[in-house]
Structures are given as structure tokens and as C-alpha cells.
$ cat protein-v2.tsv   # TSV, C-alpha atoms
chain	number	residue	atom	x	y	z
B	1	MET	CA	68.49	-67.36	-170.89
B	2	SER	CA	66.85	-64.62	-168.86
B	3	GLU	CA	68.75	-62.80	-166.11
B	4	VAL	CA	66.57	-64.45	-163.48
B	5	SER	CA	67.33	-67.92	-164.88
B	6	ALA	CA	71.04	-67.14	-165.01
B	7	ALA	CA	71.00	-65.89	-161.41
B	8	MET	CA	69.21	-69.05	-160.26
B	9	GLY	CA	71.74	-71.17	-162.12
B	10	LEU	CA	74.68	-69.40	-160.50
B	11	THR	CA	73.08	-69.64	-157.07
B	12	SER	CA	72.40	-73.35	-157.47
B	13	LEU	CA	76.05	-73.95	-158.47
B	14	GLU	CA	77.04	-72.77	-154.98
B	15	SER	CA	75.01	-75.65	-153.51
B	16	LEU	CA	75.84	-78.30	-156.12
B	17	GLU	CA	77.81	-80.57	-153.79
B	18	GLU	CA	75.01	-80.44	-151.21
B	19	PHE	CA	72.44	-81.38	-153.90
B	20	VAL	CA	74.59	-84.27	-155.11
B	21	THR	CA	75.08	-85.52	-151.54
B	22	VAL	CA	71.34	-85.46	-150.82
B	23	ASN	CA	70.49	-87.10	-154.18
B	24	TYR	CA	73.06	-89.84	-153.55
B	25	ARG	CA	71.65	-90.48	-150.07
B	26	ASN	CA	68.13	-90.69	-151.49
B	27	TYR	CA	69.25	-93.00	-154.29
B	28	LYS	CA	70.98	-95.35	-151.82
B	29	GLU	CA	67.93	-95.39	-149.54
B	30	TYR	CA	65.60	-96.27	-152.41
B	31	GLN	CA	68.10	-98.89	-153.61
B	32	GLN	CA	68.30	-100.54	-150.20
B	33	GLN	CA	64.58	-100.43	-149.43
B	34	LEU	CA	63.37	-101.64	-152.83
B	35	ALA	CA	66.04	-104.33	-153.33
B	36	ASP	CA	63.73	-107.23	-152.50
B	37	VAL	CA	60.51	-105.96	-154.09
B	38	PRO	CA	59.54	-108.33	-156.90
B	39	GLY	CA	59.20	-106.83	-160.35
B	40	ILE	CA	61.21	-103.70	-159.62
B	41	SER	CA	64.73	-102.95	-160.66
B	42	LEU	CA	66.36	-99.66	-159.85
B	43	SER	CA	68.47	-98.07	-162.56
B	44	THR	CA	72.04	-98.11	-161.33
B	45	PHE	CA	74.84	-95.60	-161.65
B	46	ASP	CA	78.53	-96.27	-162.12
B	47	GLU	CA	79.73	-94.96	-158.79
B	48	ASP	CA	83.28	-94.62	-160.14
B	49	GLU	CA	82.02	-91.82	-162.37
B	50	LYS	CA	80.95	-88.37	-161.23
B	51	CYS	CA	77.19	-87.96	-161.45
B	52	ASN	CA	74.49	-85.92	-159.74
B	53	TYR	CA	72.05	-88.80	-158.99
B	54	GLN	CA	69.30	-86.49	-160.17
B	55	TYR	CA	66.89	-89.29	-161.08
B	56	VAL	CA	65.73	-92.41	-159.27
B	57	ILE	CA	64.39	-94.62	-162.04
B	58	LEU	CA	62.47	-97.85	-161.58
B	59	GLU	CA	61.95	-100.41	-164.30
B	60	ILE	CA	58.71	-102.31	-163.74
B	61	ASP	CA	58.33	-105.93	-164.78
B	62	GLU	CA	54.55	-106.27	-164.93
B	63	ASP	CA	54.62	-110.07	-164.87
B	64	ALA	CA	56.74	-110.24	-161.72
B	65	MET	CA	55.13	-107.27	-160.00
B	66	GLY	CA	51.54	-108.09	-160.88
B	67	ILE	CA	50.73	-104.51	-161.86
B	68	THR	CA	51.64	-102.23	-164.76
B	69	ARG	CA	53.82	-99.16	-164.54
B	70	ASP	CA	50.80	-96.97	-165.29
B	71	GLN	CA	48.73	-98.63	-162.57
B	72	LEU	CA	51.56	-98.17	-160.07
B	73	ASP	CA	51.88	-94.55	-161.20
B	74	ASP	CA	48.14	-93.94	-160.76
B	75	ILE	CA	48.10	-95.42	-157.26
B	76	LEU	CA	51.17	-93.49	-156.17
B	77	TRP	CA	49.66	-90.23	-157.48
B	78	ALA	CA	46.42	-91.00	-155.64
B	79	GLU	CA	48.56	-91.25	-152.49
B	80	ASN	CA	50.28	-87.92	-153.30
B	81	VAL	CA	53.56	-89.49	-154.43
B	82	LEU	CA	54.40	-87.40	-157.48
B	83	THR	CA	56.09	-89.79	-159.86
B	84	ARG	CA	56.84	-89.27	-163.54
B	85	ARG	CA	56.78	-91.68	-166.42
B	86	TYR	CA	60.41	-91.30	-167.44
B	87	PHE	CA	60.98	-89.90	-170.95
B	88	TYR	CA	57.39	-90.63	-171.88
B	89	PRO	CA	56.21	-90.55	-174.55
B	90	GLY	CA	59.17	-91.30	-176.78
B	91	CYS	CA	60.13	-88.42	-179.08
B	92	HIS	CA	59.07	-90.47	-182.09
B	93	GLN	CA	55.50	-90.32	-180.76
B	94	MET	CA	55.43	-86.51	-180.70
B	95	GLU	CA	54.96	-84.01	-183.50
B	96	PRO	CA	56.43	-83.54	-186.01
B	97	TYR	CA	58.11	-86.96	-185.79
B	98	ARG	CA	54.86	-88.90	-185.41
B	99	THR	CA	53.53	-87.48	-188.68
B	100	ASP	CA	56.85	-87.64	-190.52
B	101	ASP	CA	57.46	-91.29	-189.62
B	102	PRO	CA	54.34	-93.02	-188.26
B	103	GLN	CA	56.09	-96.42	-188.38
B	104	ALA	CA	59.05	-95.34	-186.20
B	105	GLY	CA	57.75	-97.33	-183.23
B	106	LEU	CA	58.22	-100.54	-185.20
B	107	ARG	CA	61.95	-99.83	-185.50
B	108	LEU	CA	62.29	-98.58	-181.93
B	109	SER	CA	61.11	-101.65	-180.05
B	110	GLN	CA	63.43	-101.06	-177.07
B	111	THR	CA	62.26	-97.45	-176.77
B	112	GLU	CA	58.65	-98.64	-176.89
B	113	ARG	CA	59.31	-101.36	-174.30
B	114	LEU	CA	61.11	-99.07	-171.87
B	115	GLY	CA	58.62	-96.28	-172.41
B	116	LYS	CA	55.98	-98.52	-170.86
B	117	ARG	CA	58.15	-99.79	-168.00
B	118	VAL	CA	60.08	-96.92	-166.42
B	119	LEU	CA	59.01	-94.61	-163.62
B	120	CYS	CA	60.86	-91.77	-161.91
B	121	LEU	CA	60.49	-91.51	-158.13
B	122	PRO	CA	60.64	-88.26	-156.15
B	123	THR	CA	64.09	-87.20	-154.98
B	124	GLY	CA	66.03	-84.05	-154.26
B	125	SER	CA	66.56	-81.89	-151.22
B	126	ALA	CA	62.83	-81.62	-150.48
B	127	VAL	CA	62.46	-85.41	-150.06
B	128	THR	CA	63.31	-86.76	-146.61
B	129	SER	CA	64.42	-90.21	-145.51
B	130	THR	CA	61.09	-90.63	-143.75
B	131	GLU	CA	59.24	-89.89	-146.99
B	132	ILE	CA	61.41	-92.34	-148.92
B	133	SER	CA	60.62	-95.05	-146.35
B	134	ALA	CA	56.91	-94.27	-146.68
B	135	ILE	CA	57.09	-94.39	-150.49
B	136	CYS	CA	58.94	-97.71	-150.41
B	137	ALA	CA	56.48	-99.17	-147.89
B	138	LEU	CA	53.62	-98.04	-150.12
B	139	ILE	CA	55.23	-99.67	-153.17
B	140	GLU	CA	55.68	-102.91	-151.21
B	141	PHE	CA	52.02	-102.74	-150.15
B	142	ILE	CA	50.96	-102.20	-153.77
B	143	VAL	CA	52.94	-105.23	-154.92
B	144	GLU	CA	51.61	-107.40	-152.10
B	145	HIS	CA	48.02	-106.42	-152.94
B	146	ALA	CA	48.40	-106.07	-156.71
B	147	GLU	CA	45.45	-108.28	-157.65
B	148	ALA	CA	42.96	-106.52	-155.39
B	149	LEU	CA	44.26	-103.10	-156.42
B	150	LYS	CA	44.03	-103.96	-160.12
B	151	GLU	CA	40.43	-104.97	-159.58
B	152	ARG	CA	39.69	-101.67	-157.80
B	153	LEU	CA	41.46	-99.73	-160.55
B	154	SER	CA	39.39	-101.43	-163.23
B	155	MET	CA	36.27	-99.99	-161.57
B	156	LYS	CA	37.63	-96.46	-161.77
B	157	THR	CA	37.82	-94.49	-164.98
B	158	ASN	CA	39.90	-91.54	-166.03
B	159	LEU	CA	42.41	-91.58	-163.16
B	160	ARG	CA	44.90	-89.57	-165.17
B	161	HIS	CA	44.68	-85.88	-164.56
B	162	PRO	CA	45.40	-83.17	-167.15
B	163	TRP	CA	47.30	-80.99	-164.65
B	164	ARG	CA	50.05	-83.60	-164.25
B	165	GLY	CA	52.02	-82.10	-167.09
B	166	CYS	CA	54.16	-84.33	-169.30
B	167	SER	CA	53.62	-87.60	-167.48

$ encode --input "protein-v2.tsv" --output "C-alpha cells"
Amino acid sequence: MSEVSAAMGLTSLESLEEFVTVNYRNYKEYQQQLADVPGISLSTFDEDEKCNYQYVILEIDEDAMGITRDQLDDILWAENVLTRRYFYPGCHQMEPYRTDDPQAGLRLSQTERLGKRVLCLPTGSAVTSTEISAICALIEFIVEHAEALKERLSMKTNLRHPWRGCS
């Protein structure tokens, strides 16, 4: 680890409790506001255990929601909501594993299933309650208008952008 990285790590430790408090608040706000949205389940934490609530993970049920995880992701990005496809792609789909064991996906059906269904929402100290409410309202709008949005998306090509990193 470089000296700069070590210094940043030590500095962030001083604010750890503040980060955890903000992440927990964000998690609870997402949980409350998305509770009744069909096709979405929020990954839960065991609140009896110590955790940093670093990720807010949605699992998308395409049949109930009317839209795929990737379609939801594309729409949110188009609206400047910077989501991430959580742990996507699975390690077995990356080199050297893909070449070493091209049939791994057949044995990892749960990994394949979840890899197509999970999405990480923005959180952290830079995300405000107002922004969370706007994100949740946008997700509700997307679900309510899923059919029309899917039709519009089918007319567009190449929505994914190379600068999005590992999404």
C-alpha cells in the first residue's frame, strides 16, 4: 500500500462511526421507501451484528417488476443515478477462469441467476435523503410505466457506455 493510501485509510478510520451512521440512515430510507414497490427486494442486514451498511442491494424480479435489472440500470444511468450491477460479471466469467472452465456457469446456477438480478444503489455520505427520495420515486415511476419504457428502450441501441467501468 502506498503512503498516500495508508494515510487515507487512517484518516477514514477517524470518521468510521459517522460513515456507518450515514450508511445506516440511507439503508433504512431506501428500505422504507421501496418496501411496496413490486418486483424489488432489498438485501437485508442482521441488525444484531456490527456492519457498515456499505451497500444497498436490490434484487429485481423481472416478472413482478415488468422490467429487467439491466433495463432498470440503463434508465437510472440515463437519469444520472449511478448504480452498479453488483458483483457482475461473476468471477467464473472472467479470465483466466472463463478459459480454464468454460462450463462453470452450468454448475453455478445461483451465481448466474443473481448476477442478472442484483443492483447496487448509490449510498454513502455524499447521498442525501432528498436524493434517496428522488431515486425511489424514479424507481416507482419506472415500475409503473415499465411497458412503455421497455418499448422506448427497444428503439434505442447501445445504451451501455464504456466509461462506466466494471458495471

$ atom_distance --input "protein-v2.tsv" --atom1 "CA of Val118 (chain B)" --atom2 "CA of Tyr86 (chain B)"
5.7 Å

$ closest_residue --input "protein-v2.tsv" --among "B:Glu112, B:Asp73, B:Asp63, B:Glu131" --to "Gln93 (chain B)" --atoms "only C-alpha atoms"
B:Glu112

$ closest_residue --input "protein-v2.tsv" --among "B:Phe141, B:Phe45, B:Tyr55, B:Phe19" --to "Arg85 (chain B)" --atoms "all atoms listed in the file"
B:Tyr55

$ residues_near_point --input "protein-v2.tsv" --point "(61.4, -92.8, -171.4)" --cutoff "9 Å" --atoms "all atoms listed in the file" --output "list of chain:residue names"
B:Arg85, B:Tyr86, B:Phe87, B:Tyr88, B:Pro89, B:Gly90, B:Cys91, B:Thr111, B:Glu112, B:Leu114, B:Gly115, B:Lys116, B:Arg117, B:Val118, B:Leu119

$ closest_residue --input "protein-v2.tsv" --among "B:Thr68, B:Gln103, B:Asn26, B:Ser15" --to "Thr130 (chain B)" --atoms "all atoms listed in the file"
B:Asn26

$ residues_near_point --input "protein-v2.tsv" --point "(55.1, -99.0, -150.0)" --cutoff "10 Å" --atoms "all atoms listed in the file" --output "ChimeraX atom specification"
/B:33-34,37,76,132-144

$ closest_residue --input "protein-v2.tsv" --among "B:Arg84, B:Lys150, B:Lys28, B:Arg98" --to "Ser43 (chain B)" --atoms "only C-alpha atoms"
B:Lys28
